[in-house]
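Structure file input_0.txt; described as compact mmCIF, C-alpha atoms.
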# COMPACT_ATOMS: atom_id res chain seq x y z
CA MET A 1 -17.76 1.25 2.25
CA THR A 2 -21.50 0.73 2.26
CA ASP A 3 -23.87 2.87 4.24
CA ALA A 4 -26.50 0.98 6.24
CA GLU A 5 -29.20 3.10 4.58
CA GLU A 6 -27.91 2.42 1.08
CA PRO A 7 -27.14 -1.27 1.11
CA ALA A 8 -25.35 -2.59 -1.97
CA ASP A 9 -27.17 -5.89 -1.51
CA ALA A 10 -29.67 -7.52 0.81
CA GLU A 11 -27.16 -9.06 3.19
CA ALA A 12 -25.54 -5.70 3.72
CA THR A 13 -28.60 -4.32 5.50
CA ASP A 14 -27.50 -5.21 9.01
CA ARG A 15 -23.86 -4.70 8.41
CA PRO A 16 -22.39 -2.18 10.82
CA SER A 17 -20.17 0.35 9.19
CA LEU A 18 -16.64 -0.98 9.25
CA ALA A 19 -15.43 2.54 9.87
CA GLU A 20 -17.58 2.53 13.03
CA GLN A 21 -16.30 -0.87 14.11
CA ARG A 22 -12.74 0.13 13.54
CA GLY A 23 -12.93 3.73 14.70
CA VAL A 24 -12.66 6.55 12.22
CA ASP A 25 -9.44 8.52 12.27
CA ALA A 26 -7.15 10.22 9.80
CA VAL A 27 -4.88 7.19 9.56
CA TYR A 28 -6.20 3.64 9.38
CA GLY A 29 -4.99 1.89 12.52
CA ALA A 30 -3.99 -1.74 12.79
CA SER A 31 -7.06 -3.98 12.68
CA GLU A 32 -7.95 -7.66 12.13
CA ASP A 33 -6.82 -7.51 8.53
CA SER A 34 -3.48 -5.95 9.51
CA HIS A 35 -2.83 -8.69 12.06
CA LEU A 36 -3.63 -11.45 9.60
CA LEU A 37 -1.34 -9.95 6.96
CA ALA A 38 1.48 -9.23 9.41
CA GLU A 39 1.40 -12.80 10.71
CA ALA A 40 1.52 -14.31 7.23
CA ALA A 41 4.27 -11.89 6.17
CA VAL A 42 6.52 -12.60 9.15
CA GLU A 43 5.98 -16.35 8.84
CA GLY A 44 7.29 -16.46 5.30
CA ALA A 45 10.05 -13.88 5.66
CA THR A 46 13.77 -14.34 6.22
CA ALA A 47 16.00 -11.83 7.99
CA GLY A 48 17.95 -9.71 5.53
CA GLU A 49 15.30 -9.85 2.81
CA ARG A 50 14.14 -6.61 1.24
CA ALA A 51 10.44 -5.83 1.50
CA ILE A 52 7.98 -3.07 0.77
CA ASP A 53 4.68 -2.52 2.57
CA VAL A 54 2.31 -0.71 0.22
CA GLY A 55 -0.30 1.49 1.88
CA THR A 56 1.52 1.08 5.15
CA GLY A 57 -0.88 3.27 7.18
CA SER A 58 0.28 3.25 10.78
CA GLY A 59 3.25 1.08 9.75
CA TYR A 60 1.95 -1.96 11.61
CA VAL A 61 2.80 -4.66 9.05
CA ALA A 62 6.10 -2.97 8.19
CA SER A 63 7.09 -2.83 11.87
CA ALA A 64 6.34 -6.53 12.30
CA LEU A 65 8.64 -7.27 9.34
CA ALA A 66 11.34 -4.95 10.64
CA GLU A 67 11.27 -6.78 13.98
CA ALA A 68 11.84 -10.02 12.08
CA GLY A 69 15.01 -8.53 10.61
CA VAL A 70 13.57 -7.72 7.19
CA GLU A 71 14.75 -4.53 5.50
CA VAL A 72 11.40 -2.92 4.89
CA VAL A 73 10.24 0.36 3.41
CA GLY A 74 6.69 1.66 3.53
CA THR A 75 4.62 3.79 1.21
CA ASP A 76 1.31 5.56 1.55
CA LEU A 77 -0.75 8.12 -0.36
CA ASN A 78 -1.70 9.80 2.89
CA PRO A 79 0.93 12.23 4.23
CA ALA A 80 -0.27 11.71 7.82
CA ALA A 81 0.23 7.96 7.42
CA CYS A 82 3.72 8.52 6.01
CA GLN A 83 4.53 10.63 9.05
CA GLN A 84 3.15 8.03 11.44
CA ALA A 85 5.09 5.18 9.82
CA ARG A 86 8.25 7.29 9.83
CA ASP A 87 7.75 8.01 13.53
CA ALA A 88 7.55 4.23 14.01
CA GLY A 89 11.03 4.00 12.48
CA ILE A 90 10.00 2.76 9.04
CA PRO A 91 11.70 4.34 6.00
CA VAL A 92 8.83 5.76 3.97
CA ALA A 93 8.03 7.38 0.65
CA ARG A 94 4.77 9.01 -0.30
CA ALA A 95 3.75 7.09 -3.38
CA ASN A 96 0.93 5.67 -5.43
CA LEU A 97 1.21 1.87 -5.15
CA LEU A 98 4.56 0.76 -6.63
CA ASP A 99 4.90 3.59 -9.15
CA PRO A 100 8.26 5.03 -7.99
CA PHE A 101 10.12 1.75 -7.42
CA LEU A 102 12.65 0.14 -9.70
CA ALA A 103 12.20 -3.30 -11.24
CA ASP A 104 13.55 -6.35 -9.36
CA SER A 105 13.89 -4.45 -6.08
CA PHE A 106 12.06 -6.63 -3.54
CA ASP A 107 11.85 -10.18 -2.17
CA LEU A 108 8.51 -9.46 -0.56
CA VAL A 109 5.68 -7.02 -1.21
CA THR A 110 2.81 -6.73 1.27
CA PHE A 111 -0.42 -4.81 0.66
CA ASN A 112 -3.50 -4.43 2.82
CA PRO A 113 -5.47 -2.46 0.25
CA PRO A 114 -8.58 -0.34 0.48
CA TYR A 115 -11.02 -3.04 -0.56
CA LEU A 116 -14.55 -2.20 0.51
CA PRO A 117 -16.93 -1.77 -2.42
CA SER A 118 -18.59 1.65 -2.43
CA THR A 119 -21.03 3.68 -4.46
CA PRO A 120 -20.48 7.33 -5.45
CA ASP A 121 -23.10 8.54 -2.93
CA THR A 122 -21.48 6.72 -0.04
CA GLU A 123 -18.04 8.14 -0.68
CA TRP A 124 -17.25 10.74 1.93
CA GLY A 125 -14.04 12.09 0.52
CA ASP A 126 -11.48 11.99 3.32
CA TRP A 127 -8.31 10.03 4.00
CA MET A 128 -10.15 7.30 5.88
CA GLN A 129 -12.27 6.68 2.81
CA THR A 130 -9.11 6.49 0.73
CA ALA A 131 -7.85 3.87 3.19
CA LEU A 132 -11.03 1.78 3.11
CA SER A 133 -12.87 2.24 -0.15
CA GLY A 134 -11.88 0.25 -3.20
CA GLY A 135 -14.31 1.90 -5.61
CA GLU A 136 -17.49 0.30 -6.95
CA ASP A 137 -16.09 -3.23 -7.21
CA GLY A 138 -13.66 -2.86 -4.30
CA ARG A 139 -10.77 -3.43 -6.66
CA ALA A 140 -9.78 0.12 -7.66
CA ALA A 141 -6.40 -0.26 -5.94
CA VAL A 142 -6.08 -4.06 -6.07
CA ASP A 143 -6.16 -4.40 -9.87
CA PRO A 144 -3.43 -1.84 -10.70
CA PHE A 145 -1.35 -3.30 -7.87
CA LEU A 146 -1.59 -6.80 -9.35
CA ALA A 147 -0.82 -5.45 -12.82
CA ASP A 148 2.47 -3.92 -11.61
CA VAL A 149 3.72 -6.07 -8.72
CA GLY A 150 5.53 -8.65 -10.86
CA ARG A 151 7.80 -5.87 -12.14
CA VAL A 152 9.29 -4.98 -8.74
CA LEU A 153 9.75 -8.57 -7.51
CA GLU A 154 13.16 -10.18 -7.70
CA ASP A 155 13.52 -13.80 -8.83
CA GLY A 156 11.90 -15.91 -6.14
CA GLY A 157 10.02 -12.91 -4.79
CA ARG A 158 6.38 -12.99 -3.72
CA ALA A 159 3.56 -10.62 -2.91
CA LEU A 160 1.12 -11.03 -0.04
CA LEU A 161 -2.20 -9.32 -0.64
CA LEU A 162 -5.07 -9.09 1.81
CA VAL A 163 -8.44 -9.74 0.16
CA SER A 164 -11.95 -9.77 1.64
CA SER A 165 -14.92 -11.82 0.52
CA LEU A 166 -16.65 -8.42 0.16
CA THR A 167 -14.28 -7.70 -2.73
CA GLY A 168 -14.59 -11.15 -4.26
CA ILE A 169 -11.67 -13.48 -3.66
CA GLU A 170 -12.17 -15.48 -6.86
CA ALA A 171 -12.41 -12.37 -9.00
CA VAL A 172 -9.13 -11.11 -7.57
CA GLN A 173 -7.47 -14.48 -8.18
CA GLU A 174 -8.74 -14.53 -11.77
CA TYR A 175 -7.33 -11.06 -12.35
CA ALA A 176 -4.01 -12.12 -10.81
CA THR A 177 -3.85 -15.06 -13.21
CA ALA A 178 -4.49 -12.72 -16.13
CA GLN A 179 -1.51 -10.64 -14.95
CA GLY A 180 0.81 -13.64 -15.05
CA LEU A 181 0.69 -14.36 -11.32
CA GLU A 182 0.06 -17.63 -9.59
CA SER A 183 -1.99 -17.11 -6.44
CA SER A 184 -2.83 -19.22 -3.43
CA ILE A 185 -4.52 -18.60 -0.09
CA VAL A 186 -1.95 -18.82 2.73
CA ALA A 187 -4.00 -17.49 5.66
CA GLU A 188 -7.65 -16.83 6.36
CA GLU A 189 -10.03 -15.73 9.06
CA SER A 190 -13.81 -15.42 9.10
CA PHE A 191 -15.82 -12.60 10.62
CA PRO A 192 -19.60 -12.05 10.83
CA PHE A 193 -19.71 -9.94 7.67
CA GLU A 194 -16.65 -10.96 5.73
CA ARG A 195 -13.99 -13.56 5.28
CA LEU A 196 -10.44 -12.28 5.03
CA VAL A 197 -7.69 -14.13 3.20
CA VAL A 198 -4.05 -13.49 2.47
CA LEU A 199 -3.26 -14.25 -1.16
CA ARG A 200 0.30 -15.19 -1.98
CA CYS A 201 1.09 -14.15 -5.55
CA VAL A 202 4.19 -15.16 -7.45
CA PRO A 203 5.06 -14.46 -11.08
CA ARG A 204 4.60 -17.59 -13.22
CA MET B 1 15.02 9.54 4.14
CA GLN B 2 18.21 7.51 4.16
CA GLU B 3 20.40 7.80 1.10
CA ASP B 4 20.24 4.05 0.38
CA LEU B 5 16.60 4.50 -0.63
CA MET B 6 18.08 5.86 -3.88
CA ASP B 7 18.92 2.25 -4.84
CA ILE B 8 15.27 1.32 -5.26
CA ILE B 9 13.35 4.47 -6.20
CA CYS B 10 12.76 5.93 -9.64
CA CYS B 11 10.60 8.50 -11.39
CA PRO B 12 6.97 7.36 -11.05
CA LEU B 13 6.22 8.68 -14.54
CA ASP B 14 8.91 7.07 -16.70
CA LYS B 15 10.86 4.82 -14.24
CA HIS B 16 14.14 6.55 -14.95
CA ASP B 17 16.76 7.25 -12.29
CA LEU B 18 16.45 10.19 -9.94
CA GLU B 19 19.15 12.65 -9.02
CA LEU B 20 19.35 13.64 -5.36
CA ASP B 21 19.88 17.23 -4.31
CA VAL B 22 20.26 17.55 -0.53
CA GLU B 23 19.21 20.81 1.13
CA GLU B 24 19.32 19.67 4.72
CA ARG B 25 20.79 16.67 6.48
CA GLU B 26 20.28 15.65 10.11
CA ASP B 27 22.09 12.71 11.73
CA GLY B 28 22.88 11.28 8.30
CA GLU B 29 19.25 11.46 7.22
CA ILE B 30 18.11 13.68 4.38
CA VAL B 31 15.47 15.96 5.85
CA ALA B 32 14.95 18.32 2.94
CA GLY B 33 15.89 18.29 -0.71
CA THR B 34 14.68 17.40 -4.16
CA LEU B 35 14.75 14.40 -6.44
CA THR B 36 14.95 15.18 -10.15
CA CYS B 37 14.26 12.72 -12.95
CA THR B 38 17.32 12.35 -15.14
CA GLU B 39 15.06 11.77 -18.14
CA CYS B 40 11.94 13.98 -17.96
CA GLY B 41 13.27 16.57 -15.49
CA GLU B 42 10.24 16.34 -13.17
CA THR B 43 11.17 17.21 -9.59
CA TYR B 44 9.94 15.56 -6.41
CA PRO B 45 10.30 17.24 -3.02
CA ILE B 46 11.74 15.70 0.14
CA GLU B 47 10.04 17.36 3.10
CA ASP B 48 10.37 16.47 6.79
CA GLY B 49 12.46 13.49 5.77
CA ILE B 50 9.78 12.03 3.49
CA PRO B 51 10.22 11.96 -0.29
CA ASN B 52 6.98 12.78 -2.10
CA LEU B 53 7.10 10.54 -5.15
CA LEU B 54 3.51 11.06 -6.22
CA PRO B 55 3.12 12.15 -9.83
CA PRO B 56 2.47 15.93 -9.99
CA ASP B 57 -1.26 15.51 -10.66
CA MET B 58 -1.71 13.53 -7.42
CA ARG B 59 0.42 15.75 -5.24
CA GLU B 60 -2.37 17.83 -3.67
CA ASP B 61 -2.85 17.21 0.04
CA ALA B 62 -6.57 16.49 -0.23
CA PRO B 63 -7.50 12.90 -1.12
CA ALA B 64 -8.63 12.26 -4.70
Go ahead and express the file in the form of structure tokens.
Amino acid sequence: MTDAEEPADAEATDRPSLAEQRGVDAVYGASEDSHLLAEAAVEGATAGERAIDVGTGSGYVASALAEAGVEVVGTDLNPAACQQARDAGIPVARANLLDPFLADSFDLVTFNPPYLPSTPDTEWGDWMQTALSGGEDGRAAVDPFLADVGRVLEDGGRALLLVSSLTGIEAVQEYATAQGLESSIVAEESFPFERLVVLRCVPR
Amino acid sequence: MQEDLMDIICCPLDKHDLELDVEEREDGEIVAGTLTCTECGETYPIEDGIPNLLPPDMREDAPA
């Protein structure tokens, strides 16, 4: 997350704070990125498949999958998010990424990560920052996710990852390749300050 | 949490199986209890129906 007074680059100067656009709260609510990811996830999912929604937040993407008949669990670092997703009827575990999940457990993994690049002086240290900020390169959560996701996927399984142009779509795809994943863009949407894509990643 | 979650979860530290100890059950759901790693012995609490499977050093309520 970049402060308007401390732009990371020239084009960031007029960028409104995404937290302002999206409304700051203790749990990240469903936004444009959530909708894009949920749509792509439901489109490619089959009833009866087993899925996990990492960083489920309000449980929006997980609920969309559950409605499509997918057996979905959600995880989040934030206890308030876990509670909210549980209240929405989603089985949840408080977890860091995919750490406490067994190998070959899922047909589908979805992740709308914290992806906004930040600098140490713009970090404000609350749960909303944890939900939005991806560290200096925006990839603090994305990279370890890509390094581990192949482990939990069953044969024929795939991961859907939301990535913003603010994070660097090519850089994320290069890193995915280095982790033995084949990636392709399956959905995208452009906004004034960023382009959002859904990357489909499958183990090679 | 529902008991079938046990099929897919493991210790976040060493990926070994967890042993479930139920303290309180409500309508078939486990509301309170502990999960103990069968290998390293680390325990993970289940509170208000939610298993906390964060490694011990990340378990504080405040964000990192």
Can you list every residue of chain A that has an atom at most 7 Å from chain B, with its nearest atom pair and the distance in Å to one decimal, using all atoms listed in the file, ordered by chain then number, as CSV?
residue,atom,partner,partner_atom,distance
A:Pro91,CA,B:Met1,CA,6.4
A:Val92,CA,B:Ile50,CA,6.4
A:Ala93,CA,B:Pro51,CA,5.2
A:Arg94,CA,B:Asn52,CA,4.7
A:Ala95,CA,B:Leu54,CA,4.9
A:Asn96,CA,B:Leu54,CA,6.0
A:Asp99,CA,B:Pro12,CA,4.7
A:Pro100,CA,B:Pro12,CA,4.1
A:Phe101,CA,B:Ile9,CA,4.4
A:Leu102,CA,B:Ile8,CA,5.3
A:Ser105,CA,B:Ile8,CA,6.0
A:Gly125,CA,B:Pro63,CA,6.8
A:Asp126,CA,B:Pro63,CA,6.0
A:Trp127,CA,B:Pro63,CA,5.9
A:Thr130,CA,B:Pro63,CA,6.9
What lies within 6 Å of Leu196 of chain A using all atoms listed in the file, ignoring chain neighbours under 3 positions off, as number ranges by chain? A: 163-164, 188-189
Point-to-point distance from atom CA of Ala32 of chain B to atom CA of Leu77 of chain A, Å rounded to tenths: 19.0 Å
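Neighbours of Val22 of chain B closer than or equal to 10 Å, with only C-alpha atoms counted and sequence neighbours fewer than 4 positions away skipped, come out as B:Glu3, B:Glu29, B:Ile30, B:Val31, B:Ala32, B:Gly33, B:Thr34, B:Leu35, B:Ile46.
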Kindly save the residues from that selection, with C-alpha atoms included, as a short mmCIF file (atom, residue, chain, number, x, y, z; two decimals), keeping the file's coordinate frame.
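Written file, selection.cif:
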data_model
loop_
_atom_site.label_atom_id
_atom_site.label_comp_id
_atom_site.auth_asym_id
_atom_site.auth_seq_id
_atom_site.Cartn_x
_atom_site.Cartn_y
_atom_site.Cartn_z
CA GLU B 3 20.40 7.80 1.10
CA GLU B 29 19.25 11.46 7.22
CA ILE B 30 18.11 13.68 4.38
CA VAL B 31 15.47 15.96 5.85
CA ALA B 32 14.95 18.32 2.94
CA GLY B 33 15.89 18.29 -0.71
CA THR B 34 14.68 17.40 -4.16
CA LEU B 35 14.75 14.40 -6.44
CA ILE B 46 11.74 15.70 0.14
#
Excluding Ser58 of chain A and any residue of its chain fewer than 6 positions from it, enumerate the residues within 7 Å of it, using only C-alpha atoms, and give them as a PyMOL selection string. chain A and resi 27-30+81+84-85
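Across the structure, atom CA of Phe111 of chain A and atom CA of Asp4 of chain B are spaced 22.5 Å apart.
Atom CA of Val197 of chain A is found 6.4 Å from atom CA of Ile185 of chain A.
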Neighbouring residues of segment 133-146 of chain A were defined as those with any atom within 7 Å, considering only C-alpha atoms; residues of the same chain fewer than 5 positions away were excluded. Please report them as a list in words. Met1, Leu97, Pro113, Pro114, Tyr115, Leu116, Pro117, Ser118, Thr119, Thr167, Ala176 and Gln179 of chain A
Distance criterion (only C-alpha atoms): nearest to Glu32 of chain A out of A:Arg151, A:Ala103, A:Glu71, A:Asn112: A:Asn112
Where's the centre, and what are the edge lengths in Å to one decimal, of a box along x, y and z enclosing all listed atoms of segment 30-34 of chain B padded 4 Å per side, as AutoDock Vina command-line options?
--center_x 16.4 --center_y 16.0 --center_z 0.8 --size_x 11.4 --size_y 12.6 --size_z 18.0
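Among the candidate residues A:Ala47, A:Ala80, A:Ala38, A:Leu98, the one lying nearest to Ala64 of chain A is A:Ala38, with distances computed using only C-alpha atoms.
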Gly157 of chain A environment, 10 Å, all atoms listed in the file, sequence neighbours closer than 4 positions dropped, as number ranges by chain: A: 49-51, 104-109, 150, 152-153, 201-203
